[in-house]
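K.L.:
Coordinates in input.cif, mmCIF, C-alpha atoms, are listed below.
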data_entry
loop_
_atom_site.label_atom_id
_atom_site.label_comp_id
_atom_site.auth_asym_id
_atom_site.auth_seq_id
_atom_site.Cartn_x
_atom_site.Cartn_y
_atom_site.Cartn_z
CA MET A 1 -50.68 -5.93 -11.05
CA ILE A 2 -48.04 -3.53 -9.83
CA ALA A 3 -49.70 -3.53 -6.42
CA LEU A 4 -49.62 -7.33 -6.32
CA LEU A 5 -45.96 -7.46 -7.32
CA LEU A 6 -45.00 -4.81 -4.80
CA THR A 7 -46.95 -6.60 -2.10
CA LEU A 8 -45.22 -9.89 -2.79
CA LEU A 9 -41.88 -8.13 -3.01
CA SER A 10 -42.41 -6.47 0.34
CA LEU A 11 -43.37 -9.68 2.05
CA SER A 12 -40.59 -11.71 0.50
CA GLY A 13 -38.16 -8.96 1.41
CA VAL A 14 -38.68 -9.79 5.06
CA ILE A 15 -36.94 -13.10 4.44
CA TYR A 16 -34.73 -12.49 1.46
CA PHE A 17 -33.75 -8.82 1.41
CA PRO A 18 -31.74 -6.63 3.75
CA THR A 19 -33.82 -4.56 6.14
CA THR A 20 -33.18 -1.26 4.39
CA ILE A 21 -34.33 -2.57 1.03
CA THR A 22 -37.39 -4.14 2.60
CA LEU A 23 -38.28 -0.84 4.26
CA LEU A 24 -37.81 1.04 1.01
CA VAL A 25 -39.97 -1.36 -0.97
CA THR A 26 -42.61 -1.32 1.74
CA PHE A 27 -42.77 2.47 1.78
CA VAL A 28 -43.20 2.49 -1.97
CA THR A 29 -45.87 -0.19 -1.75
CA ALA A 30 -47.72 1.83 0.88
CA PHE A 31 -48.66 4.34 -1.81
CA PHE A 32 -50.57 1.59 -3.62
CA GLU A 33 -51.55 -0.68 -0.75
CA PRO A 34 -51.81 1.06 2.62
CA LEU A 35 -52.24 -2.18 4.51
CA VAL A 36 -48.97 -3.67 3.28
CA PRO A 37 -46.74 -1.96 5.91
CA LEU A 38 -48.88 -3.45 8.65
CA ALA A 39 -48.80 -6.84 6.96
CA VAL A 40 -45.04 -6.66 6.53
CA GLY A 41 -44.60 -5.65 10.15
CA ILE A 42 -46.68 -8.54 11.43
CA PHE A 43 -45.00 -10.90 8.98
CA SER A 44 -41.60 -9.79 10.24
CA ASP A 45 -42.59 -10.23 13.86
CA THR A 46 -44.07 -13.60 13.07
CA PHE A 47 -40.66 -14.78 12.01
CA TYR A 48 -38.27 -12.77 14.13
CA TRP A 49 -39.99 -11.59 17.28
CA SER A 50 -39.25 -13.53 20.44
CA PRO A 51 -42.02 -13.05 22.99
CA GLY A 52 -39.96 -14.49 25.85
CA VAL A 53 -37.34 -11.77 25.64
CA GLY A 54 -39.77 -9.10 26.77
CA THR A 55 -39.33 -6.69 23.89
CA LEU A 56 -42.23 -5.15 22.06
CA PRO A 57 -43.09 -6.27 18.50
CA TYR A 58 -41.67 -3.11 17.04
CA ALA A 59 -42.07 -4.18 13.43
CA SER A 60 -45.82 -4.54 13.85
CA ILE A 61 -46.07 -1.26 15.71
CA ILE A 62 -44.08 0.59 13.06
CA GLY A 63 -46.07 -1.13 10.31
CA LEU A 64 -49.29 -0.03 11.95
CA PHE A 65 -48.01 3.50 12.21
CA VAL A 66 -46.93 3.62 8.56
CA SER A 67 -50.19 2.10 7.41
CA GLY A 68 -52.07 4.73 9.38
CA ILE A 69 -50.09 7.46 7.73
CA ALA A 70 -50.68 5.88 4.33
CA PHE A 71 -54.43 5.76 4.92
CA PHE A 72 -54.44 9.32 6.11
CA VAL A 73 -52.55 10.54 3.07
CA ARG A 74 -54.77 8.58 0.72
CA ASN A 75 -57.92 9.90 2.30
CA ARG A 76 -56.66 13.44 2.16
CA LEU A 77 -55.74 13.06 -1.47
CA ARG A 78 -59.07 11.46 -2.26
CA SER A 79 -61.10 14.16 -0.52
CA GLY A 80 -59.25 16.78 -2.49
CA SER A 81 -60.13 15.31 -5.86
CA MET A 82 -63.37 15.58 -7.83
CA ARG A 83 -65.37 12.37 -8.06
CA MET B 1 -89.63 11.65 -2.94
CA LYS B 2 -86.92 9.30 -3.69
CA LYS B 3 -84.91 8.23 -0.67
CA THR B 4 -81.23 8.78 -1.01
CA PHE B 5 -79.35 5.56 -0.49
CA LEU B 6 -75.95 5.88 1.03
CA THR B 7 -73.69 2.90 0.97
CA ARG B 8 -71.81 2.08 4.15
CA ARG B 9 -68.15 2.70 3.78
CA ASN B 10 -65.51 0.88 5.75
CA ALA B 11 -62.11 2.44 5.64
CA ILE B 12 -60.28 -0.88 5.74
CA LEU B 13 -62.59 -3.57 4.45
CA SER B 14 -64.67 -1.72 1.93
CA PRO B 15 -64.67 -3.37 -1.51
CA GLU B 16 -62.80 -0.38 -2.81
CA ASN B 17 -59.97 -0.82 -0.34
CA PHE B 18 -60.08 -4.56 -0.05
CA SER B 19 -57.11 -5.23 -2.13
CA TRP B 20 -53.84 -7.12 -2.21
CA GLY B 21 -52.77 -5.45 1.00
CA ALA B 22 -55.80 -6.83 2.77
CA TYR B 23 -55.18 -10.28 1.37
CA ALA B 24 -51.57 -10.07 2.51
CA LEU B 25 -52.70 -8.98 5.95
CA MET B 26 -55.05 -11.91 6.19
CA VAL B 27 -52.35 -14.38 5.15
CA VAL B 28 -49.89 -12.85 7.60
CA LEU B 29 -52.39 -13.01 10.43
CA ALA B 30 -53.04 -16.63 9.59
CA LEU B 31 -49.31 -17.31 9.77
CA LEU B 32 -49.11 -15.50 13.09
CA LEU B 33 -51.97 -17.58 14.39
CA LEU B 34 -50.24 -20.70 13.14
CA ARG B 35 -47.10 -19.73 15.00
CA VAL B 36 -49.03 -19.15 18.20
CA ILE B 37 -51.10 -22.31 17.96
CA ALA B 38 -48.64 -24.73 16.40
CA PRO B 39 -45.15 -23.32 16.67
CA ASN B 40 -43.41 -26.59 15.77
CA PHE B 41 -45.37 -26.96 12.57
CA PHE B 42 -44.84 -23.30 11.77
CA TRP B 43 -41.06 -23.55 12.13
CA LYS B 44 -41.05 -26.75 10.12
CA ILE B 45 -42.65 -25.03 7.15
CA ALA B 46 -40.54 -21.91 7.71
CA THR B 47 -37.23 -23.77 7.71
CA PRO B 48 -37.04 -24.19 3.89
CA LEU B 49 -37.71 -20.48 3.55
CA PHE B 50 -34.79 -19.61 5.81
CA GLN B 51 -32.56 -22.14 4.06
CA SER B 52 -33.37 -20.65 0.66
CA ALA B 53 -32.73 -17.21 2.12
CA ASP B 54 -29.33 -18.36 3.35
CA ILE B 55 -28.46 -19.74 -0.09
CA LEU B 56 -29.63 -16.57 -1.78
CA THR B 57 -27.66 -14.42 0.65
CA GLU B 58 -24.51 -16.45 0.14
CA ASN B 59 -24.80 -16.32 -3.64
CA THR B 60 -25.54 -12.62 -3.76
CA HIS B 61 -22.69 -11.97 -1.36
CA LEU B 62 -20.32 -13.86 -3.65
CA PHE B 63 -21.75 -12.05 -6.64
CA PHE B 64 -21.28 -8.60 -5.13
CA ALA B 65 -17.97 -9.61 -3.57
CA SER B 66 -16.66 -10.37 -7.05
CA PHE B 67 -17.54 -6.80 -8.03
CA GLY B 68 -15.89 -5.59 -4.86
CA ASN B 69 -12.69 -7.46 -5.65
CA ALA B 70 -12.70 -6.11 -9.17
CA ALA B 71 -13.10 -2.62 -7.80
CA VAL B 72 -10.25 -3.15 -5.36
CA LEU B 73 -8.08 -4.54 -8.13
CA THR B 74 -8.93 -1.59 -10.33
CA ARG B 75 -8.02 0.83 -7.57
CA ASP B 76 -4.77 -1.03 -6.91
CA ASN B 77 -4.00 -1.01 -10.60
CA GLU B 78 -4.56 2.72 -10.88
CA ARG B 79 -2.47 3.34 -7.76
CA LEU B 80 0.35 1.19 -9.08
CA GLN B 81 0.24 2.91 -12.44
CA THR B 82 0.48 6.27 -10.70
CA GLU B 83 3.38 5.06 -8.57
CA ASN B 84 5.01 3.66 -11.67
CA VAL B 85 4.85 7.04 -13.37
CA ILE B 86 6.25 8.70 -10.24
CA LEU B 87 9.07 6.18 -10.01
CA ALA B 88 9.84 6.55 -13.70
CA ASN B 89 10.09 10.31 -13.25
CA GLU B 90 12.30 9.90 -10.19
CA ASN B 91 14.42 7.41 -12.08
CA ALA B 92 14.84 9.82 -14.96
CA ALA B 93 15.73 12.63 -12.54
CA LEU B 94 18.26 10.44 -10.74
CA SER B 95 19.73 9.31 -14.05
CA ARG B 96 20.18 12.93 -15.04
CA THR B 97 21.78 13.65 -11.67
CA ILE B 98 24.15 10.72 -12.05
CA ALA B 99 25.03 11.85 -15.54
CA ASP B 100 25.74 15.32 -14.18
CA GLN B 101 27.85 13.87 -11.39
CA ILE B 102 29.82 11.77 -13.84
CA ALA B 103 30.29 14.77 -16.08
CA LEU B 104 31.55 16.80 -13.13
CA THR B 105 33.77 14.20 -11.55
CA SER B 106 35.22 12.43 -14.54
CA THR B 107 37.09 13.63 -17.51
CA SER B 108 37.30 12.34 -20.99
CA LYS B 109 40.83 11.25 -20.18
CA ASP B 110 39.61 8.34 -18.06
CA ILE B 111 41.27 5.17 -19.21
CA LEU B 112 39.48 1.94 -18.61
CA ALA B 113 41.86 -0.91 -17.96
CA GLY B 114 41.24 -4.49 -17.09
CA VAL B 115 42.98 -5.91 -14.07
CA ILE B 116 45.37 -8.65 -15.12
CA ALA B 117 46.76 -9.60 -11.75
CA ARG B 118 45.66 -8.75 -8.29
CA PRO B 119 46.77 -9.89 -4.88
CA PRO B 120 47.94 -12.49 -4.23
CA GLU B 121 49.10 -13.13 -7.86
CA SER B 122 50.62 -9.70 -8.14
CA PRO B 123 53.16 -8.30 -5.70
CA TYR B 124 51.46 -7.53 -2.49
CA ASP B 125 49.13 -4.52 -2.42
CA SER B 126 49.56 -3.84 -6.09
CA LEU B 127 47.67 -4.47 -9.28
CA VAL B 128 48.81 -5.20 -12.77
CA ILE B 129 46.52 -3.60 -15.34
CA GLY B 130 46.29 -4.33 -19.03
CA LYS B 131 47.08 -0.88 -20.38
CA GLY B 132 50.27 1.12 -20.31
CA SER B 133 52.00 4.07 -21.87
CA SER B 134 50.58 3.27 -25.29
CA ALA B 135 47.13 4.03 -23.88
CA GLY B 136 48.32 7.27 -22.33
CA ILE B 137 48.99 6.03 -18.85
CA THR B 138 51.78 7.75 -17.00
CA THR B 139 53.17 7.37 -13.53
CA ASN B 140 51.36 8.94 -10.61
CA MET B 141 48.00 8.79 -12.34
CA GLU B 142 45.30 7.86 -9.85
CA VAL B 143 43.42 4.60 -10.15
CA PHE B 144 39.75 4.20 -9.26
CA GLY B 145 37.68 1.11 -8.86
CA PRO B 146 33.95 0.64 -9.51
CA GLY B 147 31.95 3.44 -7.95
CA SER B 148 34.89 5.84 -8.29
CA VAL B 149 36.51 4.46 -5.17
CA PRO B 150 40.18 5.43 -5.19
CA VAL B 151 42.36 2.38 -4.87
CA GLY B 152 45.90 3.51 -5.69
CA PHE B 153 48.19 5.16 -8.15
CA VAL B 154 50.27 4.09 -11.10
CA SER B 155 53.83 3.42 -9.96
CA THR B 156 55.40 1.70 -12.94
CA VAL B 157 54.41 1.94 -16.58
CA GLU B 158 55.27 -0.36 -19.42
CA LYS B 159 54.10 -0.01 -23.00
CA GLN B 160 51.19 -2.38 -22.62
CA PHE B 161 50.97 -2.81 -18.88
CA ALA B 162 51.15 -0.80 -15.73
CA LEU B 163 51.71 -1.55 -12.07
CA VAL B 164 49.36 0.09 -9.63
CA THR B 165 50.43 0.55 -6.04
CA LEU B 166 47.43 0.41 -3.79
CA PHE B 167 46.86 2.97 -1.07
CA SER B 168 46.80 0.06 1.34
CA SER B 169 50.43 -0.69 0.55
CA PRO B 170 52.74 -0.16 3.50
CA LYS B 171 54.56 3.18 3.63
CA ILE B 172 51.90 4.86 1.50
CA LYS B 173 50.28 7.81 3.23
CA ILE B 174 47.39 9.88 1.93
CA GLY B 175 45.33 12.68 3.32
CA ALA B 176 41.73 11.86 4.09
CA TRP B 177 38.68 12.81 6.12
CA VAL B 178 36.68 10.72 8.49
CA GLY B 179 33.15 10.76 9.80
CA ALA B 180 30.21 13.07 9.25
CA GLY B 181 32.31 15.94 10.54
CA HIS B 182 34.94 15.28 7.88
CA ILE B 183 37.78 15.38 10.37
CA PRO B 184 41.06 15.47 8.47
CA LEU B 185 43.56 12.75 9.13
CA THR B 186 46.39 10.93 7.42
CA ILE B 187 45.81 7.28 6.64
CA SER B 188 48.62 4.87 5.98
CA GLY B 189 48.62 1.54 4.26
CA GLY B 190 48.33 -1.34 6.62
CA GLY B 191 48.95 -4.09 4.10
CA ALA B 192 46.53 -6.79 3.06
CA GLY B 193 44.21 -4.15 1.68
CA THR B 194 43.67 -2.34 4.95
CA PHE B 195 44.47 1.12 6.22
CA ARG B 196 45.39 2.56 9.54
CA ALA B 197 45.12 6.03 10.91
CA SER B 198 45.85 7.77 14.13
CA ILE B 199 43.60 10.47 15.47
CA THR B 200 43.02 12.20 18.77
CA ARG B 201 40.62 10.55 21.16
CA SER B 202 38.58 13.73 21.45
CA ALA B 203 37.67 13.54 17.77
CA GLY B 204 35.00 11.01 18.69
CA VAL B 205 35.50 8.77 15.69
CA ALA B 206 33.36 5.67 15.97
CA VAL B 207 33.09 2.33 14.24
CA ASN B 208 31.35 2.45 10.84
CA ASP B 209 32.41 6.04 10.21
CA ILE B 210 33.21 6.53 6.54
CA VAL B 211 36.69 7.59 5.47
CA TYR B 212 36.90 9.86 2.44
CA ALA B 213 39.89 10.38 0.22
CA PRO B 214 40.54 13.36 -2.02
CA GLY B 215 39.88 12.81 -5.67
CA PRO B 216 37.72 15.13 -7.63
CA GLY B 217 35.77 15.99 -4.47
CA GLU B 218 35.47 13.55 -1.60
CA LEU B 219 35.41 9.89 -2.42
CA PRO B 220 34.67 7.17 0.10
CA ILE B 221 37.69 4.97 0.42
CA GLY B 222 36.93 2.88 3.46
CA LYS B 223 35.10 2.40 6.70
CA VAL B 224 36.32 2.33 10.30
CA ILE B 225 35.94 -1.19 11.57
CA ARG B 226 37.80 -0.91 14.87
CA THR B 227 39.33 1.67 17.15
CA ASP B 228 42.35 0.63 19.17
CA SER B 229 43.12 2.83 22.10
CA ASP B 230 45.73 2.88 24.81
CA PRO B 231 44.51 4.50 28.03
CA SER B 232 47.85 6.22 28.42
CA SER B 233 47.75 7.66 24.89
CA PRO B 234 45.74 10.74 23.88
CA SER B 235 45.14 9.25 20.44
CA VAL B 236 43.36 6.21 19.04
CA THR B 237 44.34 4.01 16.13
CA LEU B 238 41.67 3.42 13.53
CA GLN B 239 41.56 0.18 11.60
CA ILE B 240 40.01 0.96 8.22
CA MET B 241 38.58 -1.55 5.80
CA PRO B 242 38.53 -0.43 2.14
CA MET B 243 35.21 0.01 0.38
CA LEU B 244 36.28 -2.31 -2.40
CA ASN B 245 37.57 -5.80 -2.18
CA ILE B 246 40.85 -5.49 -4.02
CA PHE B 247 41.05 -9.23 -4.42
CA SER B 248 38.09 -9.18 -6.83
CA LEU B 249 38.56 -6.00 -8.83
CA PRO B 250 37.58 -6.68 -12.45
CA TRP B 251 38.56 -3.35 -13.95
CA VAL B 252 39.82 0.09 -12.95
CA LEU B 253 39.72 3.61 -14.27
CA VAL B 254 43.02 5.40 -14.61
CA ARG B 255 42.79 9.14 -14.36
CA ASP B 256 45.19 12.03 -14.13
CA THR B 257 44.23 13.89 -10.97
CA GLY B 258 47.22 16.17 -10.93
CA GLN B 259 49.42 14.10 -8.65
CA SER B 260 52.41 14.60 -10.93
CA PHE B 261 51.82 18.32 -10.90
CA LEU B 262 51.51 18.24 -7.09
CA LYS B 263 54.76 16.34 -6.72
CA THR B 264 56.48 18.76 -9.05
CA ILE B 265 55.33 21.63 -6.87
CA GLN B 266 56.44 19.84 -3.73
CA ALA B 267 59.85 19.12 -5.27
CA THR B 268 60.42 22.67 -6.41
CA SER B 269 58.95 24.44 -3.39
CA THR B 270 61.37 26.40 -1.28
CA LEU B 271 59.06 26.47 1.68
CA PRO B 272 60.01 24.28 4.62
#
Kindly present the structure from the file in structure tokens form.
P.N.:
Amino acid sequence: MIALLLTLLSLSGVIYFPTTITLLVTFVTAFFEPLVPLAVGIFSDTFYWSPGVGTLPYASIIGLFVSGIAFFVRNRLRSGSMR
Amino acid sequence: MKKTFLTRRNAILSPENFSWGAYALMVVLALLLLRVIAPNFFWKIATPLFQSADILTENTHLFFASFGNAAVLTRDNERLQTENVILANENAALSRTIADQIALTSTSKDILAGVIARPPESPYDSLVIGKGSSAGITTNMEVFGPGSVPVGFVSTVEKQFALVTLFSSPKIKIGAWVGAGHIPLTISGGGAGTFRASITRSAGVAVNDIVYAPGPGELPIGKVIRTDSDPSSPSVTLQIMPMLNIFSLPWVLVRDTGQSFLKTIQATSTLP
């Protein structure tokens, strides 16, 4: 349930919260849901990225990067624990 | 031998990892696809979201701004309280200083007298005050106006009244100083409440220089309002306006400053 709330909070933060708060919530959510940073990045670019300007969709790229780190950390933690 | 069965694991879409993040990613990708395929429809459904975000932002801004104003008011209040304490201390210090000054410059023999008649009711450049010899007033006692500004001396004393001749009266001459350099000069009454003085041009006296008269210490008696000069003369004539308006004096202080003693010395002196 916490993961669901954090996921919704991260996504809604793209529209309703300041960027810093959205980033903070997304980083926290990444511990529970590694895909959320990528989703938030794409969600942000869906609303705010302008393809005609010629800039890269940085939010998606950063989200992908953070999600990759989150997966890496989770896998490392998982491999270090007894199952 | 039993064959070991290993389940295929997918790092992203395995049932273990297929969670709310994956659902969110799917929804977001669908939205992205919607924006690419049908941008008009996408922005139409996104508009209420942005409008609600604007309303929320405005309300939260007002909410936090109210806290901000309260904080500013609190800071201002604390600053003003501090300044108030500082000003109260300065006021107390200044009050003590004034009390010390009064104690130094005045004596217990000061006699407060109301002014009964002043110019033009009284004879010109003189005052009639409501206390006389019965109150201890004697001739040649000096008379001061509000602010310890010397205005004249007692010339005639009755039992209940006294006549004060103002320093601005014609033929009256008193020693004084002028300007920041306290240049000594003799001022003479010019009539109509004014004074005149003559001083060398090289003294550099300028308009608005203060003129001080001897009392207990130096007391401001007037201000230079004009300098009249003749190019052929080495001196300039100063027109001096008194500090007090003698036409509206409500009361005066009568004080013995030793003028009688001084005149006695002058009368008995054998020096030229």
K.L.:
State, in Å with one decimal place, the distance from CA of Leu56 (chain A) to CA of Leu29 (chain B).
P.N.:
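These two atoms are separated by 17.3 Å.
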K.L.:
Can you spell out as a PyMOL selection string the set of residues that the PyMOL selection byres ((chain A) within 10 of (chain B)) selects in the structure I just provided?
P.N.:
chain A and resi 1+3-8+11-18+29-30+32-47+71+75
K.L.:
Run the PyMOL selection byres ((chain B and resi 233) around 12) on the file and write out the hits as a count of residues only.
P.N.:
14
K.L.:
Would you compute the distance between CA of Gly217 (chain B) and CA of Thr139 (chain B)? Give it in Å to one decimal.
P.N.:
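Computed distance, CA of Gly217 (chain B) to CA of Thr139 (chain B), equals 21.4 Å.
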K.L.:
In Å, how far is it from CA of Ile129 (chain B) to CA of Val252 (chain B)?
P.N.:
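Between these atoms lies a distance of 8.0 Å.
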K.L.:
Residues picked by the PyMOL selection byres ((chain B and resi 243) around 12) here, as a short mmCIF file (atom, residue, chain, number, x, y, z; two decimals) with C-alpha atoms, in the frame of the given file?
P.N.:
data_model
loop_
_atom_site.label_atom_id
_atom_site.label_comp_id
_atom_site.auth_asym_id
_atom_site.auth_seq_id
_atom_site.Cartn_x
_atom_site.Cartn_y
_atom_site.Cartn_z
CA PHE B 144 39.75 4.20 -9.26
CA GLY B 145 37.68 1.11 -8.86
CA PRO B 146 33.95 0.64 -9.51
CA GLY B 147 31.95 3.44 -7.95
CA SER B 148 34.89 5.84 -8.29
CA VAL B 149 36.51 4.46 -5.17
CA PRO B 150 40.18 5.43 -5.19
CA VAL B 151 42.36 2.38 -4.87
CA SER B 168 46.80 0.06 1.34
CA GLY B 193 44.21 -4.15 1.68
CA THR B 194 43.67 -2.34 4.95
CA PHE B 195 44.47 1.12 6.22
CA ASN B 208 31.35 2.45 10.84
CA ASP B 209 32.41 6.04 10.21
CA ILE B 210 33.21 6.53 6.54
CA VAL B 211 36.69 7.59 5.47
CA TYR B 212 36.90 9.86 2.44
CA ALA B 213 39.89 10.38 0.22
CA LEU B 219 35.41 9.89 -2.42
CA PRO B 220 34.67 7.17 0.10
CA ILE B 221 37.69 4.97 0.42
CA GLY B 222 36.93 2.88 3.46
CA LYS B 223 35.10 2.40 6.70
CA VAL B 224 36.32 2.33 10.30
CA ILE B 225 35.94 -1.19 11.57
CA ILE B 240 40.01 0.96 8.22
CA MET B 241 38.58 -1.55 5.80
CA PRO B 242 38.53 -0.43 2.14
CA LEU B 244 36.28 -2.31 -2.40
CA ASN B 245 37.57 -5.80 -2.18
CA ILE B 246 40.85 -5.49 -4.02
CA PHE B 247 41.05 -9.23 -4.42
CA LEU B 249 38.56 -6.00 -8.83
#
K.L.:
Give me the residues near Pro119 (chain B) as a PyMOL selection string, where near means some atom within 12 Å (using only C-alpha atoms) and where sequence neighbours in that chain fewer than 2 positions away do not count.
P.N.:
chain B and resi 115-117+121-128+164-166+168-169+191-193+245-249
K.L.:
Between A:Leu24, A:Ser79, A:Thr19, A:Val73, which has the minimum distance to Ala59 (chain A) (counting only C-alpha atoms)?
P.N.:
A:Thr19
